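These notes are about the structure you will find just below.
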Amino acid sequence: MPDRRTAQEALSRLTVDVADWPQEGVTFKDITPVLADHQAFSAIITALAAAGRDDHGNVVVDKVVGMEARGFILAAPVALALGIGFVPVRKAGKLPRETHAVSYALEYGEATLEVHRDAIAAGDRVLMVDDVLATGGTVVATRQLIEACGGTATGVAVLMELGFLDPRSKTGDLPVSTLLTL
C-alpha cells in the first residue's frame with residue numbers, strides 16, 4: 001500500500017503550474033497529469049482517505065463530500081476507499097431537487113454552492129475533500145452546508161494548501177489534512 005510520502009512525491013513531480021489561468025495573476029495547479037498516472041492517483045487517494053480513519057485504520061466518517069469540480073474527482077474514490085457514500089457540493093443551479101445554498105468569496109471572485117437537503121442525514125460525520133485549500137472560503141461554505149443538513153464536518157483533506165493565503169485563519173478548528181503546503 002502506498003504511503004503518504006509516495007503521494008507527496010508524486011504530487012510534487014506531476015503537478016503542472018499554469019500561469020495566468022483562469023485569469024491574470026492566478027497560477028493554476030493542473031493535477032490532470034497526476035490523475036493520468038495510476039500509481040500516483042492511487043497513492044493520493046489512499047493518503048486522502050487516511051483523514052477518514054482513526055489511528056487503528058477504522059473508518060470514522062459516514063459520508064465524503066466533494067466540492068465542485070475537481071473535488072468530485074478526488075472525493076468519489078476516497079468514499080469508495082472508505083466504504084461510504086459520496087455527496088457532491090455543486091455550483092448554484094446544478095442540482096435538480098431542493099437544496100441548501102451558501103454564497104461566499106473565493107480567491108478570484110464569488111460563488112454559491114449547493115447541496116441536496118437530504119444528502120446528509122442528521123448526525124452524519126462528514127469528511128470534505130478538495131484539490132486545493134486556497135483562501136478557505138469554499139471549505140467554510142461547504143461546512144455551513146453540511147451543518148444545514150444536520151451533519152458535522154470532521155475535517156478536510158486536500159492535495160495542496162496555499163499557505164501564503166492563510167486559509168486556516170478562516171477554517172478555524174477544523175482539522176486539515178494536506179499533502180503539500182505551498
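To be explicit about the labels: the chains of the C-alpha cells are called A, B, and onward in the order shown, and within each one the residues are counted from 1, while ligands get numbers from 1 in the order they are shown.
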
For Thr178 in chain A, please output as a PyMOL selection string all residues within 9 Å (counting only C-alpha atoms; exclusion window: fewer than 6 positions along the same chain). chain A and resi 48+132-133+156-161

Fewer than 6 positions away in the same chain doesn't count, so skip those; otherwise give me all residues within 10 Å of Ala49 in chain A, counting only C-alpha atoms, as a PyMOL selection string. chain A and resi 43+59+64+74-75+77-82+127+129+157+177

Run DSSP on the backbone of this structure and report the residues of range 53-125 of chain A it assigns to strand (DSSP E or B), as a VMD selection string. chain A and resid 53 59 63 to 67 85 to 91 99 to 106 109 to 116 125

As a list in words, please: the residues near Lys29 in chain A (cut-off 10 Å, only C-alpha atoms, same-chain neighbours under 6 positions excluded).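 Residues meeting the cut-off are Thr15, Val16, Asp17, Val18, Ala19, Trp21, Asp131, Val132 and Met160 of chain A.
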
Preceding selection exported with N, CA, C and O atoms as a CSV table (one decimal), in the first residue's frame:
chain,number,residue,atom,x,y,z
A,15,THR,N,2.4,17.6,-10.8
A,15,THR,CA,1.5,18.8,-10.9
A,15,THR,C,2.2,19.9,-11.8
A,15,THR,O,3.4,20.1,-11.6
A,16,VAL,N,1.4,20.5,-12.7
A,16,VAL,CA,1.9,21.5,-13.6
A,16,VAL,C,1.4,22.8,-13.2
A,16,VAL,O,0.1,23.0,-13.1
A,17,ASP,N,2.2,23.8,-13.1
A,17,ASP,CA,1.8,25.2,-12.9
A,17,ASP,C,1.4,25.9,-14.2
A,17,ASP,O,2.2,25.8,-15.2
A,18,VAL,N,0.2,26.5,-14.3
A,18,VAL,CA,-0.3,27.2,-15.4
A,18,VAL,C,-0.4,28.7,-15.0
A,18,VAL,O,-1.4,29.0,-14.3
A,19,ALA,N,0.4,29.5,-15.5
A,19,ALA,CA,0.4,30.9,-15.2
A,19,ALA,C,-0.8,31.6,-15.8
A,19,ALA,O,-1.2,31.3,-16.9
A,21,TRP,N,-4.0,31.7,-15.3
A,21,TRP,CA,-5.3,30.9,-15.6
A,21,TRP,C,-6.0,30.6,-14.4
A,21,TRP,O,-5.3,30.1,-13.4
A,131,ASP,N,-9.2,19.6,-4.0
A,131,ASP,CA,-7.9,19.6,-4.6
A,131,ASP,C,-7.0,20.7,-3.9
A,131,ASP,O,-5.9,20.3,-3.4
A,132,VAL,N,-7.5,21.9,-3.8
A,132,VAL,CA,-6.6,23.0,-3.2
A,132,VAL,C,-7.4,23.7,-2.1
A,132,VAL,O,-8.6,24.1,-2.3
A,160,MET,N,-3.3,20.1,-1.9
A,160,MET,CA,-2.4,21.3,-1.7
A,160,MET,C,-3.1,22.4,-0.9
A,160,MET,O,-4.3,22.6,-1.1

Contacts of Glu110 in chain A at 12 Å or less, counting only C-alpha atoms, minus same-chain residues fewer than 2 places along, as a list of chain:residue names?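 Result of the neighbour search: A:Lys91, A:Ala92, A:Val102, A:Ser103, A:Tyr104, A:Ala105, A:Leu106, A:Glu107, A:Tyr108, A:Thr112, A:Leu113, A:Thr135, A:Gly137, A:Thr138, A:Ala141.
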
Given only C-alpha atoms as the counted atoms, nearest of A:Ala47, A:Val140, A:Leu14, A:Leu165 to Ile31 in chain A: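 Checking each candidate against Ile31 in chain A, we get A:Leu14 as the closest.
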
Which residues are near Val87 in chain A? Cut-off 9 Å, only C-alpha atoms, ignore same chain within fewer than 6 positions. Put them as a count of residues only. 12

Using DSSP on the backbone coordinates, identify the residues of range 22-171 of chain A assigned to helix (DSSP H, G or I); present them as a ChimeraX atom specification. /A:32-36,38-52,70-82,137-148,163-165,168-171

Pick out the residues sitting within 9 Å of range 150-154 of chain A, and hand them over as a short mmCIF file (atom, residue, chain, number, x, y, z; two decimals) with all heavy atoms, in the first residue's frame; count only C-alpha atoms, and ignore anything fewer than 5 positions along from it in its own chain.
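Contents of part-v9.cif, as written:
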data_model
loop_
_atom_site.label_atom_id
_atom_site.label_comp_id
_atom_site.auth_asym_id
_atom_site.auth_seq_id
_atom_site.Cartn_x
_atom_site.Cartn_y
_atom_site.Cartn_z
N GLY A 52 -10.09 10.04 6.96
CA GLY A 52 -11.38 9.50 7.39
C GLY A 52 -11.24 8.26 8.25
O GLY A 52 -12.22 7.56 8.51
N VAL A 60 -14.06 6.52 10.45
CA VAL A 60 -14.71 7.34 11.48
C VAL A 60 -15.61 8.42 10.90
O VAL A 60 -15.98 9.36 11.59
CB VAL A 60 -13.65 7.97 12.42
CG1 VAL A 60 -12.93 6.90 13.23
CG2 VAL A 60 -12.67 8.83 11.64
N VAL A 61 -15.96 8.28 9.62
CA VAL A 61 -16.88 9.21 8.97
C VAL A 61 -17.99 8.42 8.28
O VAL A 61 -17.82 7.23 7.98
CB VAL A 61 -16.16 10.14 7.97
CG1 VAL A 61 -15.21 11.09 8.70
CG2 VAL A 61 -15.41 9.37 6.92
N ILE A 120 -27.25 14.53 3.31
CA ILE A 120 -26.53 14.25 4.57
C ILE A 120 -27.56 14.15 5.67
O ILE A 120 -28.39 15.05 5.83
CB ILE A 120 -25.52 15.38 4.87
CG1 ILE A 120 -24.45 15.43 3.75
CG2 ILE A 120 -24.88 15.19 6.24
CD1 ILE A 120 -23.61 16.67 3.76
N ALA A 121 -27.54 13.05 6.41
CA ALA A 121 -28.51 12.83 7.48
C ALA A 121 -28.05 13.52 8.77
O ALA A 121 -26.85 13.74 8.99
CB ALA A 121 -28.68 11.34 7.74
N ALA A 122 -29.01 13.85 9.60
CA ALA A 122 -28.69 14.42 10.91
C ALA A 122 -27.74 13.48 11.64
O ALA A 122 -27.96 12.27 11.68
CB ALA A 122 -29.97 14.64 11.72
N GLY A 123 -26.66 14.04 12.16
CA GLY A 123 -25.69 13.24 12.90
C GLY A 123 -24.57 12.65 12.06
O GLY A 123 -23.61 12.12 12.61
N ASP A 124 -24.69 12.70 10.73
CA ASP A 124 -23.62 12.18 9.88
C ASP A 124 -22.31 12.93 10.14
O ASP A 124 -22.29 14.16 10.24
CB ASP A 124 -23.96 12.33 8.40
CG ASP A 124 -24.80 11.20 7.84
OD1 ASP A 124 -25.06 10.22 8.56
OD2 ASP A 124 -25.21 11.31 6.66
N ARG A 125 -21.23 12.17 10.22
CA ARG A 125 -19.89 12.72 10.31
C ARG A 125 -19.34 12.78 8.89
O ARG A 125 -19.34 11.77 8.20
CB ARG A 125 -19.01 11.84 11.20
CG ARG A 125 -19.57 11.69 12.62
CD ARG A 125 -18.97 10.50 13.32
NE ARG A 125 -19.31 9.28 12.57
CZ ARG A 125 -18.76 8.10 12.78
NH1 ARG A 125 -17.83 7.94 13.69
NH2 ARG A 125 -19.11 7.04 12.05
N VAL A 126 -18.89 13.97 8.49
CA VAL A 126 -18.58 14.19 7.08
C VAL A 126 -17.15 14.69 6.89
O VAL A 126 -16.73 15.66 7.51
CB VAL A 126 -19.57 15.21 6.47
CG1 VAL A 126 -19.28 15.42 5.00
CG2 VAL A 126 -21.02 14.77 6.68
N LEU A 127 -16.43 14.01 6.00
CA LEU A 127 -15.10 14.44 5.58
C LEU A 127 -15.24 15.20 4.27
O LEU A 127 -15.85 14.70 3.32
CB LEU A 127 -14.19 13.22 5.37
CG LEU A 127 -12.80 13.50 4.77
CD1 LEU A 127 -11.95 14.36 5.71
CD2 LEU A 127 -12.10 12.18 4.43
N MET A 128 -14.69 16.39 4.20
CA MET A 128 -14.68 17.17 2.98
C MET A 128 -13.38 16.90 2.23
O MET A 128 -12.32 16.80 2.85
CB MET A 128 -14.77 18.67 3.29
CG MET A 128 -16.08 19.06 3.95
SD MET A 128 -16.12 20.83 4.34
CE MET A 128 -15.19 20.85 5.87
N THR A 142 -18.86 25.05 2.51
CA THR A 142 -19.26 23.64 2.49
C THR A 142 -19.58 23.15 3.89
O THR A 142 -20.56 22.41 4.10
CB THR A 142 -18.15 22.78 1.84
OG1 THR A 142 -17.93 23.26 0.51
CG2 THR A 142 -18.54 21.32 1.80
N ARG A 143 -18.82 23.59 4.87
CA ARG A 143 -19.11 23.22 6.26
C ARG A 143 -20.49 23.75 6.66
O ARG A 143 -21.26 23.04 7.33
CB ARG A 143 -18.03 23.79 7.19
CG ARG A 143 -18.20 23.39 8.64
CD ARG A 143 -17.10 23.98 9.50
NE ARG A 143 -17.05 23.33 10.79
CZ ARG A 143 -16.12 23.56 11.70
NH1 ARG A 143 -15.15 24.44 11.46
NH2 ARG A 143 -16.14 22.94 12.87
N GLN A 144 -20.83 24.95 6.25
CA GLN A 144 -22.15 25.51 6.54
C GLN A 144 -23.25 24.68 5.90
O GLN A 144 -24.30 24.47 6.50
CB GLN A 144 -22.23 26.97 6.08
CG GLN A 144 -21.37 27.91 6.89
CD GLN A 144 -21.28 29.31 6.29
OE1 GLN A 144 -21.76 29.57 5.20
NE2 GLN A 144 -20.61 30.21 7.01
N LEU A 145 -23.01 24.19 4.69
CA LEU A 145 -24.00 23.33 4.03
C LEU A 145 -24.17 22.01 4.77
O LEU A 145 -25.30 21.54 4.95
CB LEU A 145 -23.58 23.07 2.58
CG LEU A 145 -23.65 24.26 1.63
CD1 LEU A 145 -23.00 23.91 0.29
CD2 LEU A 145 -25.08 24.71 1.44
N LEU A 174 -11.26 23.36 12.43
CA LEU A 174 -11.49 22.20 11.57
C LEU A 174 -10.15 21.54 11.25
O LEU A 174 -9.24 22.19 10.75
CB LEU A 174 -12.17 22.64 10.28
CG LEU A 174 -12.61 21.53 9.34
CD1 LEU A 174 -13.79 20.77 9.93
CD2 LEU A 174 -12.98 22.11 7.98
N PRO A 175 -10.01 20.24 11.52
CA PRO A 175 -8.76 19.56 11.17
C PRO A 175 -8.54 19.58 9.65
O PRO A 175 -9.46 19.31 8.87
CB PRO A 175 -8.98 18.13 11.65
CG PRO A 175 -10.01 18.26 12.75
CD PRO A 175 -10.91 19.37 12.29
#

What's around Leu162 in chain A at 6 Å? Count only C-alpha atoms, leave out sequence neighbours fewer than 3 positions away in its own chain, and write the answer as a VMD selection string. chain A and resid 134 165 181 to 182

Could the residues in this selection be written to a file with all heavy atoms, as a compact mmCIF listing (two decimals), in the first residue's frame?
# COMPACT_ATOMS: atom_id res chain seq x y z
N ALA A 134 -7.27 27.17 -0.68
CA ALA A 134 -6.68 28.47 -1.01
C ALA A 134 -7.02 29.48 0.08
O ALA A 134 -6.29 29.60 1.05
CB ALA A 134 -7.15 28.93 -2.39
N LEU A 165 -1.78 32.22 1.55
CA LEU A 165 -3.09 32.88 1.61
C LEU A 165 -3.73 32.74 2.99
O LEU A 165 -4.83 33.25 3.22
CB LEU A 165 -4.03 32.32 0.54
CG LEU A 165 -3.63 32.63 -0.91
CD1 LEU A 165 -4.58 31.94 -1.89
CD2 LEU A 165 -3.59 34.13 -1.16
N THR A 181 2.03 21.82 1.25
CA THR A 181 1.75 23.22 1.57
C THR A 181 2.68 24.07 0.74
O THR A 181 3.90 23.88 0.77
CB THR A 181 1.94 23.50 3.08
OG1 THR A 181 1.05 22.66 3.81
CG2 THR A 181 1.63 24.95 3.40
N LEU A 182 2.08 24.99 0.00
CA LEU A 182 2.86 25.86 -0.88
C LEU A 182 2.87 27.26 -0.34
O LEU A 182 1.99 27.67 0.38
CB LEU A 182 2.26 25.85 -2.29
CG LEU A 182 2.09 24.45 -2.91
CD1 LEU A 182 1.34 24.55 -4.22
CD2 LEU A 182 3.43 23.79 -3.13
